[in-house]
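One structure is given here, and the rest of the page talks about it.
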Amino acid sequence: MTLLPENALPRRHCILFVDDDPAMLKAFERLLHVERHRWEMVFVRTLDAAYERLGGRSVDVLVTELRLAGESGVPLLEKVKRDYPGITRIIFSANGEREPPVRLAALTHQFLAKPFDVLALRETLARACTVRELLERPAIRDAVGGISALPSLPTIYLELQSALGDPRITVARVARIVERDIAMTAKVLQLVNSAYFGVGLRGGGGRIASVEQALVMLGLNTIQYLALASSLFNVYGARDDFYGFSLSLLQEHSLLAARIAARLLPARVASEEAFVAALLHDAGKLILAGRHPERYRKLMNTAAREALPLTLLETTEFGASHPEIAAYLFGTWGLPTMIVEAVAFHHDPSAAGRKVFDATGAVHVAEVLAHEVTQPANDASGRRAALDGAYLETTGVSAQLPGWRALATSFVKAQ
């Protein structure tokens with residue numbers, strides 16, 4: 001992953017606040033005054049003023065009230081998504097004024113609820129800007145700017161609908177269904193980690209990386225609507241040939257890697273982070289295939305035919321690889337930092353600079369072992385990633401590899 005040069009000074013990011021209440025805008029300005037040295041903050045009261053500002057100098061983050069003088073802020077969000085896809089979109093609104101999550105899930109990256117804690121507000125904005133600083137490359141922003149939902153197998157909605165019709169359904173059972181789907185897992189964690197739902201940093205509770213815990217916070221009805229939204233937004237239909245690779249095989253590989261990764265870390269929180277990160281680690285492939293279908297199909301064929309690393313070809317063709325693109329998207333969505341980093345560095349954990357074996361290392365090992373024990377003949381993903389021996393030696397886990405390989409093999413045999 002390419003970061004900013006060490007001697008490069010990060011530019012001041014521009015945050016545009018839109019609210020028809022002047023007192024609220026003054027509150028924003030007062031609460032965030034200490035950040036003026038690193039953020040350029042612009043405060044406007046009308047949609048027309050917001051449109052005018054968007055047409056001028058570049059904006060990095062949009063923070064808008066959902067209701068503006070009796071009007072909905074949805075048209076503004078739709079325009080920004082369409083015309084300025086690189087802008088991070090954040091909604092804030094009173095709890096009693098929620099629009100259906102199904103509609104907003106396609107338009108926003110994060111939610112804030114009023115009244116909100118100043119620390120939660122500053123953290124949300126800081127994370128949005130930090131992601132841009134770490135991955136300040138047009139190729140990545142262009143690839144993910146217009147993506148609000150990852151492609152999903154439509155069967156997930158049917159499974160959830162059937163399960164939720166059972167009066168004996170448990171949260172654990174619903175969680176297992178959701179965890180089998182990359183898109184649903186990502187969207188559930190995006191929502192539960194937003195201050196809009198009253199979790200995340202509020203009250204010092206920390207960020208949530210467990211799907212089961214997320215379902216408790218969000219409620220099963222919300223999950224059903226999100227599943228429906230994923231199906232509606234999935235323009236790829238039920239086809240399994242997803243522009244050069246099998247979507248079902250990709251999800252099977254990701255779930256196997258997730259199961260392996262979760263067993264490599266003893267602590268529960270770290271294990272949950274590793275599970276989710278491994279489940280999402282290849283999501284960047286979906287983004288690239290969805291945005292550039294024919295180019296990506298040719299690239300996948302080249303990788304398989306010439307046994308070249310897929311990430312190398314992606315970077316040459318698009319200016320960014322699938323781990324970087326997925327990490328940028330998940331960082332924009334506000335997923336926990338550990339998950340974002342594990343996705344970003346799953347091919348090269350040494351680049352993360354860690355000297356301990358954590359979720360990043362677990363996802364790296366799990367991804368390689370999952371390929372080793374399955375090696376599907378029709379999975380055109382190029383030359384397999386190799387284990388980072390230097391990282392494993394540095395973190396002192398090399399001796400555990402035989403046991404981990406046996407674990408991965410046992411998962412496959414149990415299927």
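Going by the structure tokens order, chains are called A, B, ..., each with residues numbered from 1, while ligands are numbered from 1 in the order shown.
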
Write out, as JSON lines, each residue of stretch 343-394 of chain A that has an atom at most 9 Å from stretch 276-282 of chain A, together with the closest pair of atoms and their distance in Å to one decimal, counting only C-alpha atoms, rows going by chain and rising number.
{"residue": "A:Val343", "atom": "CA", "partner": "A:His281", "partner_atom": "CA", "distance": 4.8}
{"residue": "A:Ala344", "atom": "CA", "partner": "A:His281", "partner_atom": "CA", "distance": 7.9}
{"residue": "A:His346", "atom": "CA", "partner": "A:His281", "partner_atom": "CA", "distance": 7.2}
{"residue": "A:Ala359", "atom": "CA", "partner": "A:Ala277", "partner_atom": "CA", "distance": 7.7}
{"residue": "A:Thr360", "atom": "CA", "partner": "A:Ala277", "partner_atom": "CA", "distance": 8.2}
{"residue": "A:Ala362", "atom": "CA", "partner": "A:Ala278", "partner_atom": "CA", "distance": 8.3}
{"residue": "A:Val363", "atom": "CA", "partner": "A:Ala278", "partner_atom": "CA", "distance": 5.2}
{"residue": "A:His364", "atom": "CA", "partner": "A:Ala278", "partner_atom": "CA", "distance": 8.3}
{"residue": "A:Ala366", "atom": "CA", "partner": "A:Ala278", "partner_atom": "CA", "distance": 7.5}
{"residue": "A:Glu367", "atom": "CA", "partner": "A:Ala278", "partner_atom": "CA", "distance": 7.2}

Practice prompt. Extract the full set of helix (DSSP H, G or I) residues from stretch 237-406 of chain A according to DSSP on the backbone, and format it as JSON, numbers by chain.
Written response: {"A": [247, 248, 249, 250, 251, 252, 253, 254, 255, 256, 257, 258, 259, 260, 261, 262, 263, 268, 269, 270, 271, 272, 273, 274, 275, 276, 277, 278, 279, 280, 283, 284, 285, 286, 287, 288, 289, 290, 291, 293, 294, 295, 296, 297, 298, 299, 300, 301, 302, 303, 304, 305, 306, 310, 311, 312, 313, 314, 315, 316, 317, 318, 322, 323, 324, 325, 326, 327, 328, 329, 330, 331, 332, 333, 337, 338, 339, 340, 341, 342, 343, 344, 349, 350, 351, 352, 359, 360, 361, 362, 363, 364, 365, 366, 367, 368, 369, 370, 371, 372, 373, 374, 389, 390, 391, 392, 393, 394, 398, 399, 400, 401, 402, 403, 404, 405, 406]}

Practice prompt. Could you tell me which of A:Glu252, A:Glu272, A:Asp117, A:Glu159 comes closest to A:Ile182 if we count only C-alpha atoms?
Written response: A:Glu252

Discussion item. Can you tell me which residues surround A:Val211 at a distance of at most 10 Å, considering only C-alpha atoms, apart from same-chain residues fewer than 3 positions away, and format the answer as a VMD selection string?
Written reply: chain A and resid 171 to 172 174 to 176 178 to 179 184 to 186 188 to 189 192 208 214 to 217 272 275 to 276

Store the residues of this selection in a file with N, CA and C atoms, as a PDB file, in the first residue's frame.
ATOM      1  N   VAL A 171     -30.835 -14.785  17.571  1.00  0.00           N
ATOM      2  CA  VAL A 171     -29.896 -13.836  16.980  1.00  0.00           C
ATOM      3  C   VAL A 171     -28.678 -14.563  16.434  1.00  0.00           C
ATOM      4  N   ALA A 172     -28.241 -15.597  17.144  1.00  0.00           N
ATOM      5  CA  ALA A 172     -27.066 -16.347  16.699  1.00  0.00           C
ATOM      6  C   ALA A 172     -27.301 -16.977  15.331  1.00  0.00           C
ATOM      7  N   VAL A 174     -29.419 -15.945  12.966  1.00  0.00           N
ATOM      8  CA  VAL A 174     -29.449 -14.890  11.954  1.00  0.00           C
ATOM      9  C   VAL A 174     -28.032 -14.413  11.652  1.00  0.00           C
ATOM     10  N   ALA A 175     -27.210 -14.301  12.688  1.00  0.00           N
ATOM     11  CA  ALA A 175     -25.825 -13.862  12.498  1.00  0.00           C
ATOM     12  C   ALA A 175     -25.073 -14.806  11.579  1.00  0.00           C
ATOM     13  N   ARG A 176     -25.303 -16.119  11.723  1.00  0.00           N
ATOM     14  CA  ARG A 176     -24.596 -17.072  10.869  1.00  0.00           C
ATOM     15  C   ARG A 176     -24.988 -16.890   9.398  1.00  0.00           C
ATOM     16  N   VAL A 178     -26.010 -13.977   8.003  1.00  0.00           N
ATOM     17  CA  VAL A 178     -25.423 -12.716   7.554  1.00  0.00           C
ATOM     18  C   VAL A 178     -23.936 -12.869   7.291  1.00  0.00           C
ATOM     19  N   GLU A 179     -23.250 -13.615   8.149  1.00  0.00           N
ATOM     20  CA  GLU A 179     -21.795 -13.758   8.040  1.00  0.00           C
ATOM     21  C   GLU A 179     -21.361 -14.496   6.780  1.00  0.00           C
ATOM     22  N   MET A 184     -23.609  -8.008   3.073  1.00  0.00           N
ATOM     23  CA  MET A 184     -24.434  -7.789   4.253  1.00  0.00           C
ATOM     24  C   MET A 184     -23.571  -7.558   5.490  1.00  0.00           C
ATOM     25  N   THR A 185     -22.492  -8.315   5.639  1.00  0.00           N
ATOM     26  CA  THR A 185     -21.601  -8.124   6.781  1.00  0.00           C
ATOM     27  C   THR A 185     -21.046  -6.713   6.800  1.00  0.00           C
ATOM     28  N   ALA A 186     -20.592  -6.247   5.649  1.00  0.00           N
ATOM     29  CA  ALA A 186     -20.024  -4.899   5.566  1.00  0.00           C
ATOM     30  C   ALA A 186     -21.071  -3.842   5.913  1.00  0.00           C
ATOM     31  N   VAL A 188     -23.923  -4.158   7.664  1.00  0.00           N
ATOM     32  CA  VAL A 188     -24.337  -4.244   9.063  1.00  0.00           C
ATOM     33  C   VAL A 188     -23.325  -3.548   9.967  1.00  0.00           C
ATOM     34  N   LEU A 189     -22.043  -3.804   9.738  1.00  0.00           N
ATOM     35  CA  LEU A 189     -21.008  -3.185  10.577  1.00  0.00           C
ATOM     36  C   LEU A 189     -20.886  -1.690  10.301  1.00  0.00           C
ATOM     37  N   VAL A 192     -23.879  -0.227  12.406  1.00  0.00           N
ATOM     38  CA  VAL A 192     -23.814  -0.361  13.855  1.00  0.00           C
ATOM     39  C   VAL A 192     -22.680   0.468  14.439  1.00  0.00           C
ATOM     40  N   ILE A 208     -17.748  -1.898  17.285  1.00  0.00           N
ATOM     41  CA  ILE A 208     -18.279  -3.254  17.272  1.00  0.00           C
ATOM     42  C   ILE A 208     -17.794  -3.989  16.038  1.00  0.00           C
ATOM     43  N   ALA A 214     -23.799  -6.813  16.619  1.00  0.00           N
ATOM     44  CA  ALA A 214     -24.393  -5.784  15.766  1.00  0.00           C
ATOM     45  C   ALA A 214     -25.881  -6.026  15.573  1.00  0.00           C
ATOM     46  N   LEU A 215     -26.280  -7.290  15.397  1.00  0.00           N
ATOM     47  CA  LEU A 215     -27.697  -7.602  15.207  1.00  0.00           C
ATOM     48  C   LEU A 215     -28.511  -7.251  16.438  1.00  0.00           C
ATOM     49  N   VAL A 216     -27.933  -7.450  17.621  1.00  0.00           N
ATOM     50  CA  VAL A 216     -28.625  -7.084  18.857  1.00  0.00           C
ATOM     51  C   VAL A 216     -28.874  -5.580  18.885  1.00  0.00           C
ATOM     52  N   MET A 217     -27.866  -4.802  18.452  1.00  0.00           N
ATOM     53  CA  MET A 217     -27.983  -3.345  18.473  1.00  0.00           C
ATOM     54  C   MET A 217     -28.960  -2.838  17.411  1.00  0.00           C
ATOM     55  N   GLU A 272     -12.893 -11.853  16.849  1.00  0.00           N
ATOM     56  CA  GLU A 272     -14.021 -11.329  16.086  1.00  0.00           C
ATOM     57  C   GLU A 272     -13.557 -10.373  14.996  1.00  0.00           C
ATOM     58  N   PHE A 275     -12.131 -12.419  12.202  1.00  0.00           N
ATOM     59  CA  PHE A 275     -13.190 -13.091  11.444  1.00  0.00           C
ATOM     60  C   PHE A 275     -13.801 -12.144  10.418  1.00  0.00           C
ATOM     61  N   VAL A 276     -14.196 -10.957  10.865  1.00  0.00           N
ATOM     62  CA  VAL A 276     -14.856 -10.011   9.963  1.00  0.00           C
ATOM     63  C   VAL A 276     -13.898  -9.540   8.872  1.00  0.00           C
TER      64      VAL A 276
END

Practice prompt. May I ask for the distance between atom CA of A:Ala257 and atom CA of A:Ala370, given in Å to one decimal place?
Written response: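 Atom-to-atom, atom CA of A:Ala257 and atom CA of A:Ala370 are spaced 5.4 Å apart.
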
Item to complete: Skip A:Pro266 itself and residues of its chain fewer than 4 positions away, then list as number ranges by chain all residues within 12 Å of it, counting only C-alpha atoms.
Response: A: 261-262, 270-274, 357-359, 362

Practice prompt. Within 8 Å of A:His109, counting only C-alpha atoms, which residues show up once you throw out same-chain ones fewer than 2 positions away? Write them as number ranges by chain, please.
Written response: A: 88-90, 105, 107, 111, 148, 190, 332-334

Can I get the selected residues back with C-alpha atoms, as a short mmCIF file (atom, residue, chain, number, x, y, z; two decimals), in the first residue's frame?
data_model
loop_
_atom_site.label_atom_id
_atom_site.label_comp_id
_atom_site.auth_asym_id
_atom_site.auth_seq_id
_atom_site.Cartn_x
_atom_site.Cartn_y
_atom_site.Cartn_z
CA THR A 88 -17.53 11.32 2.08
CA ARG A 89 -21.24 11.73 2.88
CA ILE A 90 -22.38 11.96 6.53
CA ALA A 105 -28.04 3.05 3.01
CA LEU A 107 -26.74 7.47 -0.17
CA PHE A 111 -24.75 8.50 10.29
CA SER A 148 -22.61 2.54 -1.59
CA GLN A 190 -21.12 0.15 8.75
CA THR A 332 -14.94 5.66 4.73
CA TRP A 333 -17.81 3.62 6.16
CA GLY A 334 -16.32 3.93 9.63
#

Item to complete: Mind checking which residues fall within 7 Å of stretch 383-392 of chain A, counting only C-alpha atoms, ignoring those fewer than 5 positions away in the same chain, and posting them as a PyMOL selection string?
Response: chain A and resi 307-309+347-350+365+368+397-398

Go ahead and save the residues from that selection, with N, CA, C and O atoms, as a compact mmCIF listing (two decimals), in the first residue's frame.
# COMPACT_ATOMS: atom_id res chain seq x y z
N ALA A 307 0.24 -16.72 -14.57
CA ALA A 307 0.60 -16.96 -13.16
C ALA A 307 1.26 -15.73 -12.54
O ALA A 307 2.30 -15.81 -11.88
N LEU A 308 0.61 -14.57 -12.74
CA LEU A 308 1.12 -13.31 -12.19
C LEU A 308 0.30 -12.90 -10.98
O LEU A 308 -0.89 -13.24 -10.87
N PRO A 309 0.88 -12.17 -10.04
CA PRO A 309 0.11 -11.69 -8.88
C PRO A 309 -1.01 -10.76 -9.32
O PRO A 309 -0.77 -9.80 -10.06
N HIS A 347 -2.11 -8.97 2.20
CA HIS A 347 -1.08 -9.60 1.38
C HIS A 347 0.33 -9.29 1.88
O HIS A 347 1.28 -10.00 1.52
N ASP A 348 0.48 -8.22 2.67
CA ASP A 348 1.80 -7.77 3.08
C ASP A 348 1.76 -7.22 4.51
O ASP A 348 1.86 -6.02 4.74
N PRO A 349 1.61 -8.11 5.50
CA PRO A 349 1.48 -7.64 6.89
C PRO A 349 2.71 -6.89 7.40
O PRO A 349 2.60 -6.06 8.29
N SER A 350 3.89 -7.16 6.84
CA SER A 350 5.09 -6.43 7.27
C SER A 350 4.95 -4.94 7.02
O SER A 350 5.49 -4.11 7.78
N VAL A 365 -2.42 -15.01 7.19
CA VAL A 365 -2.18 -16.45 7.26
C VAL A 365 -3.42 -17.22 6.81
O VAL A 365 -3.33 -18.18 6.03
N VAL A 368 -3.96 -17.22 2.96
CA VAL A 368 -3.03 -18.11 2.26
C VAL A 368 -3.39 -19.58 2.49
O VAL A 368 -3.44 -20.38 1.56
N VAL A 397 5.59 -16.56 15.53
CA VAL A 397 4.53 -17.57 15.37
C VAL A 397 4.86 -18.62 14.32
O VAL A 397 4.02 -19.48 14.03
N SER A 398 6.06 -18.58 13.76
CA SER A 398 6.40 -19.51 12.68
C SER A 398 6.21 -20.97 13.08
O SER A 398 5.76 -21.80 12.28

Fill in: Separation of atom CA of A:Gly73 from atom CA of A:Ile87, in Å and rounded to one decimal
15.6 Å
